[in-house]
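Source file: model35.pdb. Holds: PDB, C-alpha atoms, pLDDT in the B column.
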```pdb
MODEL        1
ATOM      1  CA  MET B 101     -47.502  73.488 -74.507  1.00 57.00           C
ATOM      2  CA  ALA B 102     -46.039  73.364 -71.021  1.00 93.00           C
ATOM      3  CA  ILE B 103     -46.208  76.250 -68.598  1.00 97.00           C
ATOM      4  CA  GLU B 104     -44.964  75.933 -65.048  1.00 97.00           C
ATOM      5  CA  VAL B 105     -47.337  77.339 -62.422  1.00 97.00           C
ATOM      6  CA  ARG B 106     -46.274  78.052 -58.838  1.00 96.00           C
ATOM      7  CA  ILE B 107     -49.178  77.441 -56.500  1.00 95.00           C
ATOM      8  CA  PRO B 108     -49.634  79.401 -53.223  1.00 92.00           C
ATOM      9  CA  THR B 109     -49.885  77.393 -49.979  1.00 89.00           C
ATOM     10  CA  ILE B 110     -53.602  77.789 -49.611  1.00 90.00           C
ATOM     11  CA  LEU B 111     -54.344  76.316 -53.075  1.00 94.00           C
ATOM     12  CA  ARG B 112     -52.153  73.254 -52.595  1.00 93.00           C
ATOM     13  CA  THR B 113     -55.186  71.374 -51.286  1.00 93.00           C
ATOM     14  CA  HIS B 114     -56.315  71.429 -54.935  1.00 95.00           C
ATOM     15  CA  THR B 115     -52.994  70.093 -56.267  1.00 95.00           C
ATOM     16  CA  GLY B 116     -52.416  67.237 -53.848  1.00 94.00           C
ATOM     17  CA  GLY B 117     -49.840  69.340 -52.001  1.00 92.00           C
ATOM     18  CA  ASP B 118     -47.736  70.125 -55.071  1.00 93.00           C
ATOM     19  CA  LYS B 119     -45.970  73.509 -55.051  1.00 91.00           C
ATOM     20  CA  THR B 120     -45.770  73.636 -58.832  1.00 94.00           C
ATOM     21  CA  VAL B 121     -47.935  72.132 -61.536  1.00 97.00           C
ATOM     22  CA  GLN B 122     -47.791  72.112 -65.328  1.00 97.00           C
ATOM     23  CA  GLY B 123     -50.490  73.609 -67.467  1.00 97.00           C
ATOM     24  CA  SER B 124     -51.194  74.758 -70.993  1.00 97.00           C
ATOM     25  CA  GLY B 125     -52.919  77.658 -72.678  1.00 96.00           C
ATOM     26  CA  ASP B 126     -52.138  80.562 -74.965  1.00 96.00           C
ATOM     27  CA  THR B 127     -53.523  83.143 -72.535  1.00 98.00           C
ATOM     28  CA  LEU B 128     -53.737  83.318 -68.749  1.00 98.00           C
ATOM     29  CA  SER B 129     -57.471  82.763 -69.058  1.00 98.00           C
ATOM     30  CA  THR B 130     -57.147  79.486 -70.983  1.00 98.00           C
ATOM     31  CA  LEU B 131     -54.350  78.362 -68.656  1.00 98.00           C
ATOM     32  CA  ILE B 132     -56.652  78.813 -65.653  1.00 98.00           C
ATOM     33  CA  ASP B 133     -59.392  76.798 -67.410  1.00 98.00           C
ATOM     34  CA  ASP B 134     -56.863  74.069 -68.115  1.00 97.00           C
ATOM     35  CA  LEU B 135     -55.670  74.004 -64.478  1.00 97.00           C
ATOM     36  CA  ASP B 136     -59.238  73.906 -63.221  1.00 97.00           C
ATOM     37  CA  SER B 137     -60.037  70.896 -65.436  1.00 97.00           C
ATOM     38  CA  ARG B 138     -57.419  68.883 -63.559  1.00 95.00           C
ATOM     39  CA  HIS B 139     -57.385  70.671 -60.186  1.00 95.00           C
ATOM     40  CA  SER B 140     -61.025  71.435 -59.658  1.00 94.00           C
ATOM     41  CA  GLY B 141     -61.800  74.568 -57.653  1.00 95.00           C
ATOM     42  CA  ILE B 142     -58.723  76.617 -58.588  1.00 96.00           C
ATOM     43  CA  LYS B 143     -60.601  78.858 -61.009  1.00 97.00           C
ATOM     44  CA  GLY B 144     -63.160  79.860 -58.367  1.00 96.00           C
ATOM     45  CA  ARG B 145     -60.341  81.106 -56.137  1.00 96.00           C
ATOM     46  CA  LEU B 146     -58.705  83.254 -58.804  1.00 97.00           C
ATOM     47  CA  ILE B 147     -61.601  84.708 -60.780  1.00 97.00           C
ATOM     48  CA  SER B 148     -64.260  86.928 -59.199  1.00 95.00           C
ATOM     49  CA  ASP B 149     -67.996  86.832 -59.950  1.00 93.00           C
ATOM     50  CA  ASP B 150     -67.697  89.426 -62.718  1.00 95.00           C
ATOM     51  CA  GLY B 151     -65.240  87.217 -64.609  1.00 95.00           C
ATOM     52  CA  SER B 152     -62.121  89.292 -63.970  1.00 96.00           C
ATOM     53  CA  LEU B 153     -59.035  88.356 -62.005  1.00 97.00           C
ATOM     54  CA  HIS B 154     -59.793  88.639 -58.282  1.00 96.00           C
ATOM     55  CA  ARG B 155     -58.698  91.942 -56.758  1.00 93.00           C
ATOM     56  CA  PHE B 156     -56.786  90.258 -53.939  1.00 95.00           C
ATOM     57  CA  VAL B 157     -54.877  87.892 -56.213  1.00 97.00           C
ATOM     58  CA  ASN B 158     -51.534  88.719 -57.838  1.00 97.00           C
ATOM     59  CA  VAL B 159     -50.454  86.738 -60.904  1.00 98.00           C
ATOM     60  CA  TYR B 160     -47.035  87.069 -62.506  1.00 98.00           C
ATOM     61  CA  VAL B 161     -45.823  85.780 -65.854  1.00 98.00           C
ATOM     62  CA  ASN B 162     -42.023  85.558 -65.782  1.00 96.00           C
ATOM     63  CA  ASP B 163     -41.865  88.097 -62.911  1.00 95.00           C
ATOM     64  CA  GLU B 164     -44.192  90.558 -64.653  1.00 97.00           C
ATOM     65  CA  ASP B 165     -47.439  91.430 -62.822  1.00 97.00           C
ATOM     66  CA  VAL B 166     -50.241  90.621 -65.292  1.00 98.00           C
ATOM     67  CA  ARG B 167     -52.072  93.798 -64.284  1.00 95.00           C
ATOM     68  CA  PHE B 168     -49.616  95.555 -66.576  1.00 95.00           C
ATOM     69  CA  THR B 169     -49.619  92.987 -69.397  1.00 96.00           C
ATOM     70  CA  GLY B 170     -53.303  92.450 -70.197  1.00 96.00           C
ATOM     71  CA  ALA B 171     -54.645  90.687 -67.092  1.00 97.00           C
ATOM     72  CA  LEU B 172     -56.463  87.469 -68.082  1.00 97.00           C
ATOM     73  CA  GLU B 173     -55.684  88.106 -71.756  1.00 97.00           C
ATOM     74  CA  THR B 174     -51.924  88.090 -71.112  1.00 98.00           C
ATOM     75  CA  PRO B 175     -50.390  85.886 -73.827  1.00 98.00           C
ATOM     76  CA  LEU B 176     -48.452  82.791 -72.773  1.00 97.00           C
ATOM     77  CA  LYS B 177     -45.949  80.633 -74.561  1.00 96.00           C
ATOM     78  CA  ASP B 178     -44.170  77.361 -73.989  1.00 95.00           C
ATOM     79  CA  GLY B 179     -41.673  77.585 -71.151  1.00 96.00           C
ATOM     80  CA  ASP B 180     -43.297  80.547 -69.415  1.00 97.00           C
ATOM     81  CA  SER B 181     -43.438  80.517 -65.649  1.00 97.00           C
ATOM     82  CA  VAL B 182     -46.556  81.694 -63.825  1.00 98.00           C
ATOM     83  CA  THR B 183     -46.702  82.576 -60.120  1.00 98.00           C
ATOM     84  CA  VAL B 184     -49.893  83.098 -58.127  1.00 97.00           C
ATOM     85  CA  LEU B 185     -49.796  84.992 -54.797  1.00 97.00           C
ATOM     86  CA  PRO B 186     -52.169  86.622 -52.308  1.00 96.00           C
ATOM     87  CA  ALA B 187     -52.044  90.446 -52.498  1.00 96.00           C
ATOM     88  CA  VAL B 188     -51.076  92.087 -49.205  1.00 96.00           C
ATOM     89  CA  ALA B 189     -52.558  95.456 -48.276  1.00 96.00           C
ATOM     90  CA  GLY B 190     -54.801  97.158 -45.756  1.00 95.00           C
ATOM     91  CA  GLY B 191     -54.757 100.112 -43.433  1.00 92.00           C
ATOM     92  CA  SER B 192     -57.032 102.294 -41.407  1.00 89.00           C
ATOM     93  CA  ALA B 193     -58.546 104.139 -44.397  1.00 79.00           C
ATOM     94  CA  ALA B 194     -61.923 102.422 -44.475  1.00 57.00           C
ATOM     95  CA  GLY B 195     -62.561 103.476 -40.890  1.00 44.00           C
ATOM     96  CA  LYS B 196     -62.387 101.662 -37.627  1.00 39.00           C
ATOM     97  CA  ARG B 197     -64.987  99.372 -36.133  1.00 36.00           C
TER      98      ARG B 197
ATOM     99  CA  MET V  30     -52.596  82.556 -29.144  1.00 97.00           C
ATOM    100  CA  LEU V  31     -49.516  84.229 -30.575  1.00 98.00           C
ATOM    101  CA  ARG V  32     -46.166  83.387 -28.947  1.00 98.00           C
ATOM    102  CA  ILE V  33     -43.536  85.850 -30.042  1.00 98.00           C
ATOM    103  CA  GLY V  34     -40.072  86.843 -28.847  1.00 98.00           C
ATOM    104  CA  GLN V  35     -39.449  90.227 -27.217  1.00 97.00           C
ATOM    105  CA  ALA V  36     -36.826  91.111 -29.853  1.00 98.00           C
ATOM    106  CA  LEU V  37     -39.405  90.683 -32.637  1.00 98.00           C
ATOM    107  CA  VAL V  38     -41.942  92.816 -30.777  1.00 98.00           C
ATOM    108  CA  ASP V  39     -39.257  95.485 -30.361  1.00 97.00           C
ATOM    109  CA  ALA V  40     -38.423  95.315 -34.062  1.00 98.00           C
ATOM    110  CA  VAL V  41     -42.078  95.756 -35.079  1.00 98.00           C
ATOM    111  CA  THR V  42     -42.634  98.701 -32.727  1.00 97.00           C
ATOM    112  CA  ALA V  43     -39.374 100.360 -33.806  1.00 97.00           C
ATOM    113  CA  HIS V  44     -40.422 100.083 -37.457  1.00 98.00           C
ATOM    114  CA  ALA V  45     -43.852 101.565 -36.667  1.00 97.00           C
ATOM    115  CA  ARG V  46     -42.281 104.509 -34.778  1.00 97.00           C
ATOM    116  CA  ARG V  47     -39.764 105.169 -37.533  1.00 97.00           C
ATOM    117  CA  ASP V  48     -42.388 105.293 -40.303  1.00 97.00           C
ATOM    118  CA  HIS V  49     -44.990 107.267 -38.324  1.00 97.00           C
ATOM    119  CA  PRO V  50     -47.125 109.128 -39.497  1.00 97.00           C
ATOM    120  CA  ASP V  51     -47.201 106.697 -42.436  1.00 97.00           C
ATOM    121  CA  GLU V  52     -48.300 103.149 -41.817  1.00 97.00           C
ATOM    122  CA  ALA V  53     -45.492 100.599 -41.472  1.00 98.00           C
ATOM    123  CA  CYS V  54     -45.907  97.014 -42.668  1.00 98.00           C
ATOM    124  CA  GLY V  55     -44.062  93.738 -42.901  1.00 98.00           C
ATOM    125  CA  VAL V  56     -44.068  90.075 -42.028  1.00 98.00           C
ATOM    126  CA  ILE V  57     -42.419  87.704 -39.591  1.00 98.00           C
ATOM    127  CA  ALA V  58     -41.535  84.408 -41.214  1.00 98.00           C
ATOM    128  CA  GLY V  59     -41.004  81.014 -39.656  1.00 98.00           C
ATOM    129  CA  PRO V  60     -40.451  77.406 -40.707  1.00 97.00           C
ATOM    130  CA  ALA V  61     -43.128  76.155 -43.133  1.00 93.00           C
ATOM    131  CA  GLY V  62     -45.871  74.300 -41.315  1.00 92.00           C
ATOM    132  CA  SER V  63     -44.884  75.778 -37.938  1.00 96.00           C
ATOM    133  CA  ASP V  64     -46.513  78.464 -35.830  1.00 97.00           C
ATOM    134  CA  ARG V  65     -43.182  80.031 -34.803  1.00 98.00           C
ATOM    135  CA  PRO V  66     -42.473  83.625 -35.863  1.00 98.00           C
ATOM    136  CA  GLU V  67     -38.658  83.846 -36.157  1.00 98.00           C
ATOM    137  CA  ARG V  68     -37.428  86.120 -38.939  1.00 98.00           C
ATOM    138  CA  PHE V  69     -38.347  89.819 -39.044  1.00 98.00           C
ATOM    139  CA  ILE V  70     -38.876  91.126 -42.579  1.00 98.00           C
ATOM    140  CA  PRO V  71     -39.855  94.815 -42.755  1.00 98.00           C
ATOM    141  CA  MET V  72     -41.510  95.703 -46.056  1.00 98.00           C
ATOM    142  CA  LEU V  73     -41.791  98.995 -47.874  1.00 98.00           C
ATOM    143  CA  ASN V  74     -45.252 100.540 -47.751  1.00 98.00           C
ATOM    144  CA  ALA V  75     -45.673 101.239 -51.464  1.00 97.00           C
ATOM    145  CA  ALA V  76     -48.630 103.527 -50.662  1.00 96.00           C
ATOM    146  CA  ARG V  77     -46.494 105.670 -48.261  1.00 96.00           C
ATOM    147  CA  SER V  78     -49.749 106.719 -46.633  1.00 96.00           C
ATOM    148  CA  PRO V  79     -50.982 107.409 -43.092  1.00 96.00           C
ATOM    149  CA  THR V  80     -54.189 105.458 -43.842  1.00 96.00           C
ATOM    150  CA  PHE V  81     -53.213 102.679 -46.244  1.00 96.00           C
ATOM    151  CA  TYR V  82     -50.445 100.169 -46.754  1.00 97.00           C
ATOM    152  CA  GLU V  83     -49.572  97.935 -49.630  1.00 96.00           C
ATOM    153  CA  PHE V  84     -46.701  95.606 -50.501  1.00 97.00           C
ATOM    154  CA  GLU V  85     -45.388  96.580 -53.916  1.00 97.00           C
ATOM    155  CA  SER V  86     -46.117  93.769 -56.351  1.00 96.00           C
ATOM    156  CA  GLY V  87     -42.459  93.110 -57.223  1.00 97.00           C
ATOM    157  CA  ASP V  88     -41.477  93.110 -53.528  1.00 98.00           C
ATOM    158  CA  LEU V  89     -44.247  90.609 -52.839  1.00 97.00           C
ATOM    159  CA  LEU V  90     -42.935  88.262 -55.532  1.00 97.00           C
ATOM    160  CA  GLU V  91     -39.386  88.557 -54.209  1.00 97.00           C
ATOM    161  CA  LEU V  92     -40.572  87.903 -50.630  1.00 98.00           C
ATOM    162  CA  TYR V  93     -42.481  84.742 -51.490  1.00 96.00           C
ATOM    163  CA  ARG V  94     -39.666  83.437 -53.653  1.00 94.00           C
ATOM    164  CA  GLU V  95     -37.239  83.864 -50.762  1.00 96.00           C
ATOM    165  CA  LEU V  96     -39.620  82.184 -48.302  1.00 95.00           C
ATOM    166  CA  ASP V  97     -40.076  79.280 -50.713  1.00 91.00           C
ATOM    167  CA  ASP V  98     -36.317  78.856 -51.140  1.00 92.00           C
ATOM    168  CA  LEU V  99     -35.790  78.804 -47.365  1.00 96.00           C
ATOM    169  CA  ASP V 100     -38.817  76.569 -46.760  1.00 94.00           C
ATOM    170  CA  GLU V 101     -40.427  79.295 -44.666  1.00 96.00           C
ATOM    171  CA  GLN V 102     -43.881  80.826 -44.586  1.00 95.00           C
ATOM    172  CA  VAL V 103     -45.504  84.009 -43.325  1.00 97.00           C
ATOM    173  CA  ILE V 104     -46.457  83.463 -39.672  1.00 98.00           C
ATOM    174  CA  VAL V 105     -47.229  87.072 -38.767  1.00 98.00           C
ATOM    175  CA  ASN V 106     -48.428  89.881 -40.993  1.00 98.00           C
ATOM    176  CA  TYR V 107     -47.983  93.192 -39.166  1.00 98.00           C
ATOM    177  CA  HIS V 108     -48.863  96.809 -39.812  1.00 98.00           C
ATOM    178  CA  SER V 109     -49.423 100.009 -37.905  1.00 97.00           C
ATOM    179  CA  HIS V 110     -52.340 102.339 -37.531  1.00 96.00           C
ATOM    180  CA  THR V 111     -51.042 105.803 -36.823  1.00 96.00           C
ATOM    181  CA  ALA V 112     -54.128 107.734 -35.707  1.00 95.00           C
ATOM    182  CA  THR V 113     -56.579 105.031 -34.665  1.00 94.00           C
ATOM    183  CA  GLU V 114     -56.722 102.019 -32.394  1.00 94.00           C
ATOM    184  CA  PRO V 115     -54.922  98.795 -33.358  1.00 96.00           C
ATOM    185  CA  TYR V 116     -58.052  97.028 -34.563  1.00 96.00           C
ATOM    186  CA  PRO V 117     -58.479  95.635 -38.103  1.00 97.00           C
ATOM    187  CA  SER V 118     -60.278  98.048 -40.430  1.00 95.00           C
ATOM    188  CA  ARG V 119     -62.730  96.973 -43.110  1.00 94.00           C
ATOM    189  CA  THR V 120     -59.889  97.094 -45.644  1.00 94.00           C
ATOM    190  CA  ASP V 121     -57.702  94.902 -43.419  1.00 96.00           C
ATOM    191  CA  ILE V 122     -60.527  92.409 -43.051  1.00 96.00           C
ATOM    192  CA  SER V 123     -61.294  92.202 -46.775  1.00 95.00           C
ATOM    193  CA  TYR V 124     -57.674  91.502 -47.703  1.00 95.00           C
ATOM    194  CA  ALA V 125     -57.299  88.996 -44.862  1.00 96.00           C
ATOM    195  CA  SER V 126     -60.433  87.244 -46.116  1.00 95.00           C
ATOM    196  CA  GLY V 127     -59.244  87.150 -49.740  1.00 94.00           C
ATOM    197  CA  PRO V 128     -59.395  83.896 -51.701  1.00 95.00           C
ATOM    198  CA  LEU V 129     -55.701  83.098 -51.176  1.00 96.00           C
ATOM    199  CA  ALA V 130     -55.292  84.381 -47.609  1.00 95.00           C
ATOM    200  CA  ASP V 131     -53.959  81.790 -45.179  1.00 93.00           C
ATOM    201  CA  PRO V 132     -56.310  81.474 -42.157  1.00 93.00           C
ATOM    202  CA  ALA V 133     -53.315  80.446 -40.021  1.00 95.00           C
ATOM    203  CA  THR V 134     -51.737  83.918 -40.327  1.00 97.00           C
ATOM    204  CA  HIS V 135     -51.573  86.056 -37.187  1.00 98.00           C
ATOM    205  CA  TYR V 136     -52.460  89.676 -37.963  1.00 98.00           C
ATOM    206  CA  VAL V 137     -50.517  91.921 -35.611  1.00 98.00           C
ATOM    207  CA  LEU V 138     -51.563  95.564 -35.369  1.00 98.00           C
ATOM    208  CA  VAL V 139     -49.737  98.272 -33.512  1.00 97.00           C
ATOM    209  CA  SER V 140     -50.848 101.844 -32.940  1.00 97.00           C
ATOM    210  CA  THR V 141     -48.515 104.797 -32.759  1.00 96.00           C
ATOM    211  CA  ARG V 142     -51.366 107.246 -32.056  1.00 95.00           C
ATOM    212  CA  GLU V 143     -50.101 108.001 -28.510  1.00 93.00           C
ATOM    213  CA  ASN V 144     -46.414 108.688 -29.022  1.00 92.00           C
ATOM    214  CA  GLY V 145     -45.815 108.939 -32.754  1.00 93.00           C
ATOM    215  CA  ASN V 146     -42.082 108.803 -33.533  1.00 93.00           C
ATOM    216  CA  ASP V 147     -41.127 109.100 -29.870  1.00 91.00           C
ATOM    217  CA  GLU V 148     -40.170 106.435 -27.390  1.00 89.00           C
ATOM    218  CA  GLY V 149     -42.990 105.242 -25.212  1.00 86.00           C
ATOM    219  CA  PRO V 150     -45.525 102.461 -25.195  1.00 87.00           C
ATOM    220  CA  VAL V 151     -46.909 101.232 -28.509  1.00 90.00           C
ATOM    221  CA  GLU V 152     -50.184  99.338 -28.325  1.00 93.00           C
ATOM    222  CA  LEU V 153     -49.849  95.889 -29.902  1.00 97.00           C
ATOM    223  CA  ARG V 154     -52.586  93.332 -30.492  1.00 98.00           C
ATOM    224  CA  SER V 155     -52.960  90.149 -32.486  1.00 98.00           C
ATOM    225  CA  TYR V 156     -55.945  88.808 -34.414  1.00 98.00           C
ATOM    226  CA  ARG V 157     -57.057  85.868 -36.487  1.00 98.00           C
ATOM    227  CA  ILE V 158     -59.285  86.755 -39.402  1.00 97.00           C
ATOM    228  CA  LEU V 159     -61.414  84.131 -41.117  1.00 93.00           C
ATOM    229  CA  ASP V 160     -64.170  84.797 -43.660  1.00 91.00           C
ATOM    230  CA  GLY V 161     -64.635  88.345 -42.445  1.00 94.00           C
ATOM    231  CA  GLN V 162     -64.748  87.363 -38.769  1.00 96.00           C
ATOM    232  CA  VAL V 163     -62.148  88.988 -36.515  1.00 97.00           C
ATOM    233  CA  THR V 164     -61.047  87.267 -33.309  1.00 98.00           C
ATOM    234  CA  GLU V 165     -58.524  88.909 -31.017  1.00 98.00           C
ATOM    235  CA  GLU V 166     -56.063  86.442 -29.504  1.00 98.00           C
ATOM    236  CA  PRO V 167     -53.774  86.611 -26.465  1.00 98.00           C
ATOM    237  CA  VAL V 168     -50.121  87.521 -27.085  1.00 98.00           C
ATOM    238  CA  GLU V 169     -47.448  85.777 -25.047  1.00 98.00           C
ATOM    239  CA  ILE V 170     -44.111  87.573 -25.262  1.00 97.00           C
ATOM    240  CA  THR V 171     -41.143  85.314 -24.637  1.00 96.00           C
ATOM    241  CA  THR V 172     -37.712  86.475 -23.534  1.00 92.00           C
ATOM    242  CA  ASP V 173     -35.532  84.063 -25.536  1.00 68.00           C
TER     243      ASP V 173
ENDMDL
END
```
When written as structure tokens, how does the structure in this file appear?
Amino acid sequence: MAIEVRIPTILRTHTGGDKTVQGSGDTLSTLIDDLDSRHSGIKGRLISDDGSLHRFVNVYVNDEDVRFTGALETPLKDGDSVTVLPAVAGGSAAGKR
Amino acid sequence: MLRIGQALVDAVTAHARRDHPDEACGVIAGPAGSDRPERFIPMLNAARSPTFYEFESGDLLELYRELDDLDEQVIVNYHSHTATEPYPSRTDISYASGPLADPATHYVLVSTRENGNDEGPVELRSYRILDGQVTEEPVEITTD
């Protein structure tokens, strides 16, 4: 089962510079395991210590943010396209130095 | 050091003034692999808040797709603080130290605390943020 995954700049060191790679899996979770088996280190960048998707990582399946479709349990099928991006946010809320 | 054109600085400060008292945010893109900020891309602050900013998730996807198509990357990530100094907050630092954050990004902060929506000087500073460590860098403003 082939799923196309778009890799953010900072993770391309794990993919030999490739912008997109192919993977397989019937959920986002198994896809990430599959990617990590061939591009070691990717999983550690996407999954936090408690086993959930990292807070500062956005993952989309066919343009849909997986936060709204079941997070790591989001189902995947042949031909799906997955995009991984760094979340961008911030602001003065947490106080200044 | 950040080298940036006067027109881009003006665009960032104008955006910050316009959105005050909410925080304004956006990026300046440049050719992939370069350190040249060239294209001003204001973003919507999905939080519409005076103390927080956030790129909406769909906007973020659209932005990165466009950058990819044009073979560009984010050179500068900018936002405003509207009541405090232009120094990265703990929230800013955690996002900038996230697992997919690019350490080459220049984080530009402006503060509209002095003049709000009005004309007048806007404080602007630039930082590099790596693994939770903040380093302010000099800003050279070019006239071309």
* Can you list, as number ranges by chain, every protein, DNA or RNA residue that comes within 9 Å of Arg155 in chain B when you count all atoms listed in the file, leaving out same-chain residues fewer than 6 positions away? -> B: 146-148, 187; V: 127
Just C-alpha atoms for this one: save the residues we selected as a compact mmCIF listing (two decimals), keeping the file's coordinate frame.
```
# COMPACT_ATOMS: atom_id res chain seq x y z
CA LEU B 146 -58.70 83.25 -58.80
CA ILE B 147 -61.60 84.71 -60.78
CA SER B 148 -64.26 86.93 -59.20
CA ALA B 187 -52.04 90.45 -52.50
CA GLY V 127 -59.24 87.15 -49.74
```
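Considering only C-alpha atoms, the residue among B:Leu111, B:Ala193, B:Ile142, B:Val182 positioned nearest to Asn158 in chain B is B:Val182.
Across the structure, CA of Thr113 in chain B and CA of Ile70 in chain V are spaced 27.1 Å apart.
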* **Contact set, chain B to chain V: 10 Å, all atoms listed in the file, as a PyMOL selection string** => chain B and resi 106+108-111+119+144-148+154-160+163-165+167+183-197
* Go through V:Ala36, V:Leu31, V:Ile170, V:Ala43 one by one, measure the shortest atom-to-atom distance of each to Ser140 in chain V using only C-alpha atoms, and give the residue with the smallest value. => V:Ala43
Add whatever atoms are absent from range 141-159 of chain V to reach N, CA and C atoms, and provide the output as an mmCIF file, in the frame of the given file.
```
data_model
loop_
_atom_site.group_PDB
_atom_site.id
_atom_site.type_symbol
_atom_site.label_atom_id
_atom_site.label_comp_id
_atom_site.auth_asym_id
_atom_site.auth_seq_id
_atom_site.Cartn_x
_atom_site.Cartn_y
_atom_site.Cartn_z
ATOM 1 N N THR V 141 -49.470 103.778 -33.188
ATOM 2 C CA THR V 141 -48.515 104.797 -32.759
ATOM 3 C C THR V 141 -49.243 106.095 -32.439
ATOM 4 N N ARG V 142 -50.583 106.008 -32.246
ATOM 5 C CA ARG V 142 -51.366 107.246 -32.056
ATOM 6 C C ARG V 142 -50.969 108.012 -30.794
ATOM 7 N N GLU V 143 -50.447 107.303 -29.756
ATOM 8 C CA GLU V 143 -50.101 108.001 -28.510
ATOM 9 C C GLU V 143 -48.794 108.781 -28.611
ATOM 10 N N ASN V 144 -47.745 108.091 -29.103
ATOM 11 C CA ASN V 144 -46.414 108.688 -29.022
ATOM 12 C C ASN V 144 -45.734 108.984 -30.355
ATOM 13 N N GLY V 145 -46.382 108.612 -31.444
ATOM 14 C CA GLY V 145 -45.815 108.939 -32.754
ATOM 15 C C GLY V 145 -44.416 108.374 -32.929
ATOM 16 N N ASN V 146 -43.466 109.241 -33.312
ATOM 17 C CA ASN V 146 -42.082 108.803 -33.533
ATOM 18 C C ASN V 146 -41.298 108.643 -32.238
ATOM 19 N N ASP V 147 -41.889 109.087 -31.118
ATOM 20 C CA ASP V 147 -41.127 109.100 -29.870
ATOM 21 C C ASP V 147 -41.161 107.763 -29.148
ATOM 22 N N GLU V 148 -40.183 107.609 -28.268
ATOM 23 C CA GLU V 148 -40.170 106.435 -27.390
ATOM 24 C C GLU V 148 -41.439 106.464 -26.545
ATOM 25 N N GLY V 149 -41.776 105.308 -26.019
ATOM 26 C CA GLY V 149 -42.990 105.242 -25.212
ATOM 27 C C GLY V 149 -43.794 104.052 -25.657
ATOM 28 N N PRO V 150 -44.790 103.685 -24.892
ATOM 29 C CA PRO V 150 -45.525 102.461 -25.195
ATOM 30 C C PRO V 150 -46.213 102.525 -26.559
ATOM 31 N N VAL V 151 -46.183 101.400 -27.250
ATOM 32 C CA VAL V 151 -46.909 101.232 -28.509
ATOM 33 C C VAL V 151 -47.916 100.109 -28.266
ATOM 34 N N GLU V 152 -49.173 100.389 -28.519
ATOM 35 C CA GLU V 152 -50.184 99.338 -28.325
ATOM 36 C C GLU V 152 -49.992 98.254 -29.375
ATOM 37 N N LEU V 153 -50.012 96.995 -28.962
ATOM 38 C CA LEU V 153 -49.849 95.889 -29.902
ATOM 39 C C LEU V 153 -50.896 94.823 -29.612
ATOM 40 N N ARG V 154 -51.595 94.404 -30.651
ATOM 41 C CA ARG V 154 -52.586 93.332 -30.492
ATOM 42 C C ARG V 154 -52.505 92.364 -31.655
ATOM 43 N N SER V 155 -53.005 91.167 -31.434
ATOM 44 C CA SER V 155 -52.960 90.149 -32.486
ATOM 45 C C SER V 155 -54.348 89.586 -32.740
ATOM 46 N N TYR V 156 -54.619 89.281 -34.008
ATOM 47 C CA TYR V 156 -55.945 88.808 -34.414
ATOM 48 C C TYR V 156 -55.824 87.643 -35.373
ATOM 49 N N ARG V 157 -56.862 86.825 -35.394
ATOM 50 C CA ARG V 157 -57.057 85.868 -36.487
ATOM 51 C C ARG V 157 -58.260 86.386 -37.258
ATOM 52 N N ILE V 158 -58.189 86.268 -38.558
ATOM 53 C CA ILE V 158 -59.285 86.755 -39.402
ATOM 54 C C ILE V 158 -59.687 85.633 -40.359
ATOM 55 N N LEU V 159 -60.945 85.240 -40.290
ATOM 56 C CA LEU V 159 -61.414 84.131 -41.117
ATOM 57 C C LEU V 159 -62.791 84.484 -41.667
#
```
